[in-house]
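Note: the block below is start35.cif and it holds mmCIF, C-alpha atoms.
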```cif
data_run
loop_
_atom_site.label_atom_id
_atom_site.label_comp_id
_atom_site.auth_asym_id
_atom_site.auth_seq_id
_atom_site.Cartn_x
_atom_site.Cartn_y
_atom_site.Cartn_z
CA MET A 25 8.95 0.95 18.65
CA PRO A 26 9.45 4.74 18.59
CA LEU A 27 11.46 6.16 21.46
CA ARG A 28 10.66 9.43 23.24
CA LEU A 29 13.24 11.20 25.36
CA ILE A 30 11.49 13.01 28.22
CA PRO A 31 12.74 16.62 28.47
CA LEU A 32 13.71 18.11 31.80
CA SER A 33 10.79 20.53 31.70
CA ASP A 34 8.36 17.58 31.65
CA ASP A 35 9.68 16.12 34.89
CA LYS A 36 6.87 15.98 37.45
CA ASP A 37 9.26 16.44 40.38
CA LEU A 38 10.41 19.81 39.05
CA GLU A 39 6.92 20.99 38.15
CA THR A 40 5.64 20.38 41.69
CA ALA A 41 8.69 21.68 43.58
CA PRO A 42 7.95 24.43 46.17
CA GLN A 43 8.44 27.98 44.91
CA SER A 44 10.71 29.15 47.77
CA PRO A 45 12.23 26.16 49.54
CA ARG A 46 15.19 26.29 51.87
CA PRO A 47 18.49 25.99 49.91
CA GLY A 48 19.27 22.52 51.28
CA VAL A 49 15.83 21.18 50.42
CA MET A 50 15.97 22.70 46.97
CA SER A 51 19.35 21.10 46.26
CA TYR A 52 18.09 17.74 47.50
CA GLN A 53 14.95 17.89 45.32
CA LEU A 54 16.86 18.98 42.25
CA GLY A 55 19.34 16.17 42.84
CA ILE A 56 16.57 13.58 42.90
CA ALA A 57 14.96 15.04 39.77
CA TRP A 58 18.28 15.14 37.95
CA LYS A 59 19.01 11.49 38.81
CA ARG A 60 15.57 10.44 37.58
CA TYR A 61 16.08 12.36 34.38
CA LEU A 62 19.48 10.75 33.77
CA ARG A 63 17.99 7.32 34.46
CA ARG A 64 15.30 7.92 31.82
CA VAL A 65 17.87 9.09 29.30
CA LEU A 66 20.01 6.02 30.01
CA ILE A 67 17.04 3.66 29.54
CA ALA A 68 16.13 5.37 26.26
CA ALA A 69 19.75 5.17 25.06
CA VAL A 70 19.97 1.45 25.83
CA ALA A 71 16.67 0.80 24.05
CA LEU A 72 17.87 2.80 21.05
CA PHE A 73 21.10 0.80 20.94
CA PHE A 74 19.27 -2.52 20.75
CA LEU A 75 16.83 -1.16 18.20
CA LEU A 76 19.64 -0.06 15.91
CA HIS A 77 21.50 -3.31 16.49
CA THR A 78 18.69 -5.57 15.32
CA VAL A 79 16.74 -3.63 12.71
CA GLN A 80 16.89 -4.69 9.09
CA LEU A 81 16.37 -1.81 6.68
CA SER A 82 15.52 -2.31 3.05
CA THR A 83 13.97 -0.49 0.13
CA ALA A 84 12.43 -1.70 -3.08
CA GLY A 85 14.89 0.22 -5.24
CA ASP A 86 18.46 -0.44 -6.29
CA GLN A 87 19.95 1.49 -3.36
CA VAL A 88 19.61 -0.80 -0.36
CA GLU A 89 21.01 -0.46 3.12
CA SER A 90 20.78 -3.57 5.26
CA ALA A 91 21.77 -4.15 8.86
CA THR A 92 23.16 -7.64 9.20
CA TYR A 93 23.73 -8.54 12.83
CA GLY A 94 24.66 -4.93 13.49
CA LEU A 95 26.90 -4.63 10.41
CA SER A 96 25.60 -1.90 8.11
CA VAL A 97 26.30 -2.54 4.44
CA THR A 98 25.34 0.09 1.85
CA TRP A 99 25.23 -1.27 -1.68
CA PRO A 100 26.06 1.07 -4.59
CA LYS A 101 23.21 1.60 -7.04
CA ASP A 102 24.59 -0.66 -9.78
CA HIS A 103 26.27 -3.22 -7.53
CA TYR A 104 25.17 -6.82 -8.03
CA LYS A 105 25.16 -8.13 -4.49
CA SER A 106 26.09 -11.71 -5.36
CA SER A 107 29.76 -10.85 -4.83
CA PHE A 108 31.81 -11.11 -1.64
CA LEU A 109 31.86 -8.33 0.92
CA PRO A 110 35.17 -6.58 1.56
CA VAL A 111 37.14 -8.91 3.81
CA GLU A 112 36.94 -6.62 6.86
CA GLN A 113 33.15 -6.48 6.66
CA ALA A 114 32.97 -10.22 5.99
CA GLU A 115 35.05 -10.92 9.10
CA GLU A 116 32.78 -8.79 11.26
CA LEU A 117 29.63 -10.34 9.80
CA CYS A 118 30.82 -13.94 10.15
CA LYS A 119 32.17 -13.36 13.66
CA SER A 120 28.69 -12.26 14.76
CA GLN A 121 27.56 -15.87 14.24
CA ASN A 122 30.83 -17.48 15.37
CA PHE A 123 31.57 -18.38 11.76
CA THR A 124 34.82 -17.77 9.91
CA VAL A 125 35.18 -16.14 6.52
CA PHE A 126 34.82 -18.48 3.53
CA PRO A 127 38.44 -19.08 2.48
CA GLU A 128 38.05 -19.65 -1.28
CA ARG A 129 37.46 -16.00 -2.16
CA HIS A 130 39.47 -16.14 -5.38
CA HIS A 131 36.48 -17.46 -7.33
CA HIS A 132 32.77 -16.67 -7.31
CA ARG A 133 30.72 -18.61 -4.73
CA LYS A 134 27.33 -19.33 -6.26
CA VAL A 135 24.04 -19.45 -4.36
CA TYR A 136 21.36 -21.94 -5.45
CA ASP A 137 17.83 -21.39 -4.16
CA LEU A 138 15.93 -24.71 -4.37
CA PHE A 139 12.14 -24.93 -3.92
CA LEU A 140 9.01 -26.73 -5.09
CA ILE A 141 6.20 -24.83 -6.80
CA GLY A 142 2.47 -25.55 -6.62
CA THR A 143 -0.05 -22.78 -7.19
CA GLU A 144 1.90 -20.07 -5.33
CA LEU A 145 2.67 -17.79 -8.29
CA ASP A 146 2.24 -14.60 -6.25
CA TRP A 147 4.75 -15.87 -3.73
CA LEU A 148 7.08 -16.79 -6.56
CA GLU A 149 6.88 -13.24 -7.91
CA ILE A 150 7.71 -11.81 -4.50
CA ARG A 151 10.54 -14.30 -3.98
CA LEU A 152 12.21 -13.67 -7.33
CA ASN A 153 12.00 -9.90 -6.99
CA GLU A 154 13.20 -9.96 -3.37
CA LEU A 155 16.17 -12.29 -3.87
CA HIS A 156 17.34 -12.04 -7.47
CA ARG A 157 20.24 -9.77 -6.54
CA GLN A 158 21.57 -12.25 -3.97
CA VAL A 159 20.78 -15.58 -5.66
CA ASP A 160 22.63 -16.90 -8.70
CA TYR A 161 20.14 -19.62 -9.68
CA PHE A 162 16.57 -20.41 -8.67
CA VAL A 163 16.05 -24.17 -9.00
CA ILE A 164 12.32 -24.85 -9.45
CA VAL A 165 10.70 -28.29 -9.63
CA GLU A 166 7.06 -28.74 -10.60
CA SER A 167 4.91 -31.84 -10.94
CA PRO A 168 1.73 -32.51 -12.95
CA ARG A 169 0.41 -34.33 -9.88
CA THR A 170 -0.24 -33.35 -6.29
CA PHE A 171 1.32 -35.25 -3.42
CA THR A 172 -2.03 -37.08 -3.19
CA ASN A 173 -1.47 -38.17 -6.83
CA LEU A 174 -4.23 -36.05 -8.39
CA ARG A 175 -3.63 -34.48 -11.80
CA LYS A 176 -3.03 -30.73 -11.78
CA PRO A 177 -1.89 -28.00 -14.19
CA LEU A 178 1.76 -27.03 -14.47
CA HIS A 179 1.09 -23.55 -13.12
CA PHE A 180 4.63 -22.23 -13.41
CA LYS A 181 5.23 -23.59 -16.90
CA ASP A 182 1.87 -22.27 -18.11
CA ASN A 183 2.61 -18.80 -16.71
CA PHE A 184 6.30 -18.56 -17.48
CA GLU A 185 5.90 -15.28 -19.39
CA ARG A 186 5.07 -13.61 -16.08
CA PHE A 187 8.61 -14.39 -14.88
CA GLN A 188 10.44 -14.01 -18.19
CA ARG A 189 12.84 -11.33 -16.97
CA PHE A 190 14.33 -13.79 -14.47
CA ALA A 191 14.80 -16.53 -17.10
CA PRO A 192 18.64 -16.41 -17.05
CA GLN A 193 18.56 -17.28 -13.34
CA ILE A 194 15.88 -19.99 -13.46
CA ILE A 195 16.65 -23.71 -13.71
CA TYR A 196 13.35 -25.55 -14.16
CA ARG A 197 12.48 -29.25 -14.15
CA MET A 198 9.16 -31.06 -14.43
CA VAL A 199 9.07 -34.26 -12.36
CA ASP A 200 6.23 -36.81 -12.43
CA PHE A 201 5.38 -39.61 -10.01
CA ASP A 202 5.39 -42.42 -12.58
CA GLY A 203 5.41 -45.81 -10.88
CA MET A 204 4.61 -44.30 -7.47
CA GLU A 205 0.86 -44.92 -7.47
CA ASP A 206 1.11 -47.15 -4.40
CA ASN A 207 3.43 -44.86 -2.48
CA SER A 208 2.25 -42.64 0.37
CA THR A 209 1.77 -38.89 0.08
CA TRP A 210 4.85 -38.37 2.25
CA GLU A 211 6.97 -40.57 -0.01
CA ARG A 212 5.85 -38.65 -3.09
CA GLU A 213 6.65 -35.35 -1.37
CA ALA A 214 10.12 -36.60 -0.39
CA TYR A 215 10.74 -37.86 -3.93
CA GLN A 216 9.82 -34.51 -5.45
CA ARG A 217 11.90 -32.57 -2.94
CA ASN A 218 14.96 -34.76 -3.57
CA SER A 219 14.51 -34.19 -7.29
CA LEU A 220 15.54 -30.57 -6.65
CA PHE A 221 19.06 -31.98 -6.46
CA ASP A 222 18.90 -35.40 -8.16
CA ALA A 223 17.12 -34.22 -11.32
CA VAL A 224 19.12 -31.01 -11.63
CA PHE A 225 22.67 -30.85 -10.33
CA PRO A 226 24.21 -33.84 -12.17
CA SER A 227 23.21 -32.28 -15.50
CA LEU A 228 24.40 -28.72 -14.88
CA VAL A 229 27.24 -27.58 -17.14
CA GLY A 230 29.12 -24.39 -17.94
CA VAL A 231 28.45 -21.38 -15.75
CA GLN A 232 25.53 -23.17 -14.07
CA ALA A 233 27.71 -26.06 -12.87
CA PRO A 234 28.30 -26.05 -9.10
CA SER A 235 31.69 -25.81 -7.43
CA LEU A 236 32.66 -27.28 -4.07
CA GLY A 237 31.41 -25.03 -1.29
CA ASP A 238 28.65 -23.31 -3.26
CA VAL A 239 25.63 -22.34 -1.15
CA ILE A 240 22.48 -24.49 -1.40
CA MET A 241 19.20 -23.42 0.23
CA VAL A 242 16.14 -25.71 0.38
CA SER A 243 12.66 -24.37 1.11
CA ASP A 244 9.05 -24.09 0.02
CA THR A 245 7.98 -21.15 -2.13
CA ASP A 246 6.44 -19.31 0.83
CA GLU A 247 9.58 -19.67 2.98
CA ILE A 248 11.74 -16.72 1.93
CA PRO A 249 15.22 -16.11 3.35
CA ARG A 250 15.98 -12.49 4.15
CA PRO A 251 18.46 -10.96 1.67
CA TRP A 252 21.05 -10.35 4.41
CA THR A 253 20.85 -14.06 5.31
CA ILE A 254 22.13 -14.93 1.85
CA THR A 255 24.91 -12.36 2.23
CA LEU A 256 25.89 -14.13 5.45
CA LEU A 257 25.89 -17.59 3.84
CA ARG A 258 27.90 -16.50 0.82
CA ASN A 259 30.62 -14.84 2.87
CA CYS A 260 30.98 -17.32 5.73
CA GLU A 261 32.12 -20.87 6.29
CA TYR A 262 29.23 -22.61 8.06
CA PRO A 263 28.31 -26.19 9.12
CA GLN A 264 26.76 -28.69 6.70
CA ARG A 265 23.30 -28.30 8.22
CA VAL A 266 21.98 -24.85 9.00
CA THR A 267 18.37 -23.95 9.80
CA LEU A 268 17.27 -20.48 8.73
CA ARG A 269 14.45 -20.04 11.22
CA SER A 270 11.55 -17.90 10.05
CA ARG A 271 9.08 -15.51 11.57
CA PHE A 272 5.92 -17.58 11.24
CA PHE A 273 2.85 -15.84 9.82
CA TYR A 274 -0.51 -17.36 8.94
CA TYR A 275 -3.08 -16.24 6.31
CA SER A 276 -1.22 -12.91 5.93
CA PHE A 277 1.47 -10.86 7.64
CA GLN A 278 -1.32 -9.69 9.94
CA TRP A 279 -1.40 -12.94 11.94
CA GLU A 280 1.72 -14.37 13.59
CA HIS A 281 1.99 -17.77 15.23
CA ALA A 282 1.78 -17.19 18.97
CA GLU A 283 3.90 -20.08 20.20
CA SER A 284 6.96 -20.47 17.99
CA ASP A 285 8.79 -19.52 14.85
CA TRP A 286 9.18 -21.82 11.80
CA TYR A 287 11.99 -24.37 11.51
CA HIS A 288 12.70 -23.83 7.80
CA PRO A 289 14.33 -23.13 5.33
CA GLN A 290 17.59 -25.08 5.50
CA ALA A 291 21.01 -24.43 4.01
CA THR A 292 24.02 -26.58 3.17
CA PHE A 293 26.85 -26.41 0.65
CA TYR A 294 27.76 -28.36 -2.46
CA HIS A 295 29.98 -31.35 -1.72
CA GLY A 296 29.72 -33.38 -4.92
CA SER A 297 27.98 -36.74 -4.55
CA ALA A 298 28.23 -36.35 -0.76
CA THR A 299 25.97 -33.26 -0.76
CA ILE A 300 23.13 -33.66 1.73
CA ARG A 301 19.98 -34.33 -0.29
CA PRO A 302 17.07 -31.91 0.15
CA GLU A 303 14.63 -34.14 2.06
CA ASN A 304 17.35 -35.27 4.47
CA LEU A 305 18.47 -31.67 4.92
CA ARG A 306 14.93 -30.45 5.60
CA MET A 307 13.93 -33.20 8.01
CA GLY A 308 17.26 -33.98 9.71
CA GLN A 309 18.83 -32.52 12.83
CA SER A 310 20.46 -29.15 12.26
CA ASP A 311 24.04 -28.32 13.26
CA ARG A 312 23.24 -24.64 13.67
CA GLU A 313 20.20 -22.34 13.75
CA ILE A 314 20.08 -18.70 12.69
CA PHE A 315 17.06 -17.00 14.19
CA ASN A 316 14.80 -14.47 12.44
CA SER A 317 16.63 -15.12 9.19
CA SER A 318 13.58 -15.74 6.97
CA TRP A 319 9.86 -15.10 6.52
CA HIS A 320 7.22 -17.82 6.30
CA CYS A 321 3.59 -17.03 5.52
CA SER A 322 1.49 -20.19 5.50
CA SER A 323 -1.81 -20.33 3.62
CA CYS A 324 -1.39 -16.74 2.43
CA PHE A 325 -3.56 -17.13 -0.66
CA GLU A 326 -5.42 -14.63 -2.81
CA THR A 327 -8.40 -16.91 -3.42
CA VAL A 328 -10.58 -19.21 -1.37
CA ALA A 329 -10.20 -21.74 -4.18
CA GLU A 330 -6.44 -21.90 -3.61
CA MET A 331 -6.99 -22.40 0.11
CA ALA A 332 -9.42 -25.27 -0.51
CA ASN A 333 -7.09 -26.75 -3.12
CA LYS A 334 -4.21 -26.78 -0.64
CA ILE A 335 -6.35 -28.59 1.91
CA GLY A 336 -7.21 -31.23 -0.68
CA SER A 337 -3.71 -31.72 -2.05
CA PHE A 338 -1.16 -31.58 0.74
CA SER A 339 0.22 -34.52 2.63
CA HIS A 340 -1.93 -34.10 5.77
CA THR A 341 -4.85 -36.05 4.27
CA GLU A 342 -6.64 -36.20 7.65
CA TYR A 343 -7.62 -32.55 7.16
CA ASP A 344 -9.25 -33.08 3.76
CA GLN A 345 -12.80 -32.82 5.11
CA PRO A 346 -15.80 -30.91 3.64
CA GLU A 347 -16.26 -28.73 6.73
CA PHE A 348 -12.71 -27.42 6.39
CA LYS A 349 -13.22 -26.43 2.73
CA ASP A 350 -16.49 -24.52 3.09
CA PRO A 351 -15.81 -21.03 1.59
CA ALA A 352 -17.75 -19.06 4.21
CA GLU A 353 -16.02 -20.93 7.02
CA ILE A 354 -12.60 -20.35 5.47
CA VAL A 355 -13.27 -16.61 5.23
CA ARG A 356 -14.55 -16.43 8.82
CA ARG A 357 -11.49 -18.17 10.20
CA VAL A 358 -9.02 -16.16 8.14
CA ARG A 359 -10.59 -12.84 9.16
CA ASN A 360 -10.48 -13.74 12.83
CA GLY A 361 -7.13 -15.54 12.95
CA LEU A 362 -8.65 -18.92 13.80
CA ASP A 363 -7.03 -22.20 12.83
CA LEU A 364 -8.61 -23.89 9.82
CA PHE A 365 -8.60 -27.30 11.49
CA ASP A 366 -9.42 -26.48 15.12
CA ARG A 367 -5.96 -27.52 16.30
CA GLU A 368 -5.61 -26.48 19.94
CA ASP A 369 -1.91 -25.65 19.73
CA GLU A 370 -2.31 -23.39 16.69
CA LYS A 371 -2.89 -19.87 18.03
CA TYR A 372 -2.26 -16.66 16.11
CA GLU A 373 -1.73 -13.11 17.33
CA LYS A 374 -2.64 -10.00 15.38
CA VAL A 375 0.39 -7.85 14.57
CA ASP A 376 1.24 -4.76 12.53
CA SER A 377 1.43 -6.27 9.06
CA ARG A 378 3.63 -3.54 7.58
CA THR A 379 6.63 -3.52 9.92
CA ASP A 380 8.49 -6.66 8.86
CA ILE A 381 7.71 -7.79 5.32
CA PRO A 382 9.70 -8.31 2.11
CA ALA A 383 10.61 -5.01 0.41
CA TYR A 384 8.88 -5.98 -2.84
CA LEU A 385 5.66 -6.68 -0.96
CA LYS A 386 5.90 -3.35 0.84
CA ALA A 387 6.30 -1.58 -2.49
CA ASN A 388 3.19 -3.32 -3.85
CA GLU A 389 0.85 -3.32 -0.85
CA GLU A 390 -2.30 -2.47 -2.81
CA ARG A 391 -1.78 -5.25 -5.32
CA PHE A 392 -1.04 -7.83 -2.62
CA ALA A 393 -3.64 -6.57 -0.13
CA PHE A 394 -4.55 -10.13 0.85
CA MET A 395 -1.06 -10.56 2.33
CA ILE A 396 -1.36 -7.37 4.38
CA ASP A 397 -4.96 -6.98 5.54
CA ARG A 398 -7.57 -9.67 6.25
CA ASP A 399 -10.05 -7.35 8.00
CA PRO A 400 -12.51 -6.73 5.11
CA LEU A 401 -15.70 -8.82 4.99
CA ASN A 402 -14.26 -10.97 2.22
CA ALA A 403 -10.84 -11.16 3.94
CA ASN A 404 -9.46 -9.70 0.67
CA PHE A 405 -10.07 -12.99 -1.13
CA ARG A 406 -10.46 -12.10 -4.80
CA ASP A 407 -13.05 -14.82 -5.50
CA TYR A 408 -15.33 -14.17 -2.52
CA PRO A 409 -18.10 -11.51 -2.72
CA PRO A 410 -17.17 -8.40 -0.69
CA SER A 411 -20.84 -7.95 0.28
CA ALA A 412 -21.10 -11.40 1.84
CA ARG A 413 -22.28 -11.50 5.43
CA ILE A 414 -19.70 -13.19 7.66
#
```
Take the structure in the file and give it back as structure tokens.
Amino acid sequence: MPLRLIPLSDDKDLETAPQSPRPGVMSYQLGIAWKRYLRRVLIAAVALFFLLHTVQLSTAGDQVESATYGLSVTWPKDHYKSSFLPVEQAEELCKSQNFTVFPERHHHRKVYDLFLIGTELDWLEIRLNELHRQVDYFVIVESPRTFTNLRKPLHFKDNFERFQRFAPQIIYRMVDFDGMEDNSTWEREAYQRNSLFDAVFPSLVGVQAPSLGDVIMVSDTDEIPRPWTITLLRNCEYPQRVTLRSRFFYYSFQWEHAESDWYHPQATFYHGSATIRPENLRMGQSDREIFNSSWHCSSCFETVAEMANKIGSFSHTEYDQPEFKDPAEIVRRVRNGLDLFDREDEKYEKVDSRTDIPAYLKANEERFAFMIDRDPLNANFRDYPPSARI
């Protein structure tokens, strides 16, 4: 919020003061005006302090300045930010969360970003571009079946060329649900999430192999940790279970959940065979929470078809009803910030969609208009006619 310091000449008490008052009265009136002016300056200064203390600044280029819990870190143009901070800065950063500095600073501490992929290729593009300077390896698991056991394309594998430049940082596995036909949707989801560790880490060798204490983050594709959050995790010694609570947006960054933030992603560290498995980490009780440390944008899709596909494929099968997948109804609800399923506790507030978004998204607003602005008649869905009457 911009701050405006009120100049002395704008003070109403001075403007309306008598032209020729007695000296005592004049001194008294000026004293009151001066006190009011100082009070306003003090309030503005306090507000400015808190604004500077909490703001996170980022750019889409190589020169990035980020404020991490009040610690300003300016990265040189060619600096790869997956290294440790200078120890003095690390101490200040970790102390802000009552953490201590990670002691094993004599070797590189890797960061593994683990997530499942469905159809969210746009989110994957944003995630890779936003975090590739902080993350060592993106661990991606994809299945040829939905959690409801329906066949589907391998969207990431089929579109890998789109992400070719990140190939050295990507560890990909395809995991099927063979023999799980009789299992529930929740069991299939848990199996696939655990495969992020079970089907990957035991086979990693060479530079990809984990070391004790390496950072592990577990999330969905549309749950993106802020870059400074990863800087914090790499530099600090933290508990085994940490929740990286997210600002919770719906349909786009234009609609924010009115009641609460989002309780994901989660972070832990590599501890050999005793490492907390992803499903347990995601669903279990956290030892520590770090607020406003991520973004989550649920159902932020470019097409109505993707929205309907999500409704038909995710684990909440009770919502897979024809009335919830009607294209015109989807567009109406998205434009007006109404819950898709008429849930009474799901309320969304309209916010400025450009103030707190990933830097890569901000640099590509026109291309990703559906994540920024849902006001047009078609809610910026690419597959819905702009001339449709809503």
Edge lengths and centre, in Å to one decimal, as AutoDock Vina command-line options: that's what I need for the box along x, y and z that holds all listed atoms of region 216-228 of chain A plus 5 Å on each side.
```
--center_x 17.1 --center_y -32.1 --center_z -9.2 --size_x 24.6 --size_y 16.7 --size_z 22.6
```
Name every residue that the PyMOL selection byres ((chain A and resi 118-129) around 9) selects in this structure, writing the answer as a PyMOL selection string with chains first and numbers rising. chain A and resi 93-95+108+111+113-117+130-133+237+256-263+314
Serialized selection, C-alpha atoms, as a PDB file, in the coordinates of the input:
```pdb
ATOM      1  CA  TYR A  93      23.730  -8.540  12.830  1.00  0.00           C
ATOM      2  CA  GLY A  94      24.660  -4.930  13.490  1.00  0.00           C
ATOM      3  CA  LEU A  95      26.900  -4.630  10.410  1.00  0.00           C
ATOM      4  CA  PHE A 108      31.810 -11.110  -1.640  1.00  0.00           C
ATOM      5  CA  VAL A 111      37.140  -8.910   3.810  1.00  0.00           C
ATOM      6  CA  GLN A 113      33.150  -6.480   6.660  1.00  0.00           C
ATOM      7  CA  ALA A 114      32.970 -10.220   5.990  1.00  0.00           C
ATOM      8  CA  GLU A 115      35.050 -10.920   9.100  1.00  0.00           C
ATOM      9  CA  GLU A 116      32.780  -8.790  11.260  1.00  0.00           C
ATOM     10  CA  LEU A 117      29.630 -10.340   9.800  1.00  0.00           C
ATOM     11  CA  HIS A 130      39.470 -16.140  -5.380  1.00  0.00           C
ATOM     12  CA  HIS A 131      36.480 -17.460  -7.330  1.00  0.00           C
ATOM     13  CA  HIS A 132      32.770 -16.670  -7.310  1.00  0.00           C
ATOM     14  CA  ARG A 133      30.720 -18.610  -4.730  1.00  0.00           C
ATOM     15  CA  GLY A 237      31.410 -25.030  -1.290  1.00  0.00           C
ATOM     16  CA  LEU A 256      25.890 -14.130   5.450  1.00  0.00           C
ATOM     17  CA  LEU A 257      25.890 -17.590   3.840  1.00  0.00           C
ATOM     18  CA  ARG A 258      27.900 -16.500   0.820  1.00  0.00           C
ATOM     19  CA  ASN A 259      30.620 -14.840   2.870  1.00  0.00           C
ATOM     20  CA  CYS A 260      30.980 -17.320   5.730  1.00  0.00           C
ATOM     21  CA  GLU A 261      32.120 -20.870   6.290  1.00  0.00           C
ATOM     22  CA  TYR A 262      29.230 -22.610   8.060  1.00  0.00           C
ATOM     23  CA  PRO A 263      28.310 -26.190   9.120  1.00  0.00           C
ATOM     24  CA  ILE A 314      20.080 -18.700  12.690  1.00  0.00           C
TER      25      ILE A 314
END
```
Taking all atoms listed in the file into account, which of A:Asn207, A:Phe394, A:Gln188, A:Ser107 comes nearest Phe325 (chain A)?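 So, comparing all the options, the nearest one is A:Phe394.
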Using the chain letters and numbers from the file, which residues does the PyMOL selection byres ((chain A and resi 190) around 12) grab, as a compact mmCIF listing (two decimals) with C-alpha atoms, in the coordinates of the input?
```txt
# COMPACT_ATOMS: atom_id res chain seq x y z
CA LEU A 148 7.08 -16.79 -6.56
CA GLU A 149 6.88 -13.24 -7.91
CA ARG A 151 10.54 -14.30 -3.98
CA LEU A 152 12.21 -13.67 -7.33
CA ASN A 153 12.00 -9.90 -6.99
CA GLU A 154 13.20 -9.96 -3.37
CA LEU A 155 16.17 -12.29 -3.87
CA HIS A 156 17.34 -12.04 -7.47
CA ARG A 157 20.24 -9.77 -6.54
CA VAL A 159 20.78 -15.58 -5.66
CA ASP A 160 22.63 -16.90 -8.70
CA TYR A 161 20.14 -19.62 -9.68
CA PHE A 162 16.57 -20.41 -8.67
CA VAL A 163 16.05 -24.17 -9.00
CA PHE A 184 6.30 -18.56 -17.48
CA GLU A 185 5.90 -15.28 -19.39
CA ARG A 186 5.07 -13.61 -16.08
CA PHE A 187 8.61 -14.39 -14.88
CA GLN A 188 10.44 -14.01 -18.19
CA ARG A 189 12.84 -11.33 -16.97
CA ALA A 191 14.80 -16.53 -17.10
CA PRO A 192 18.64 -16.41 -17.05
CA GLN A 193 18.56 -17.28 -13.34
CA ILE A 194 15.88 -19.99 -13.46
CA ILE A 195 16.65 -23.71 -13.71
CA TYR A 196 13.35 -25.55 -14.16
```
For Trp252 (chain A), the closest of A:Asn316, A:Ser227, A:Gly142, A:Asp137 counting all atoms listed in the file is A:Asn316
Taking the file above as input, evaluate the PyMOL selection byres ((chain A and resi 381-388) around 9) and report the hits as a list in words.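 Evaluating the PyMOL selection byres ((chain A and resi 381-388) around 9) on these coordinates yields Ser82, Thr83, Ala84, Gly85, Ile150, Arg151, Asn153, Glu154, Ile248, Arg250, Phe277, Trp319, Ser377, Arg378, Thr379, Asp380, Glu389, Glu390, Arg391, Phe392, Ala393, Met395 and Ile396 of chain A.
Minimum atom-to-atom distances from A:Glu326, A:Ser208, A:Gly203, A:Asp244 to Val165 (chain A) were compared using only C-alpha atoms, and the lowest value belongs to A:Asp244.
Restricting the calculation to only C-alpha atoms, the smallest distance between Tyr372 (chain A) and any of A:Glu280, A:Asp397, A:Glu353, A:Glu211 is found for A:Glu280.
Counting all atoms listed in the file and comparing A:Pro226, A:Gly361, A:Pro110, A:Pro289, the residue that lies closest to Glu303 (chain A) is A:Pro289.
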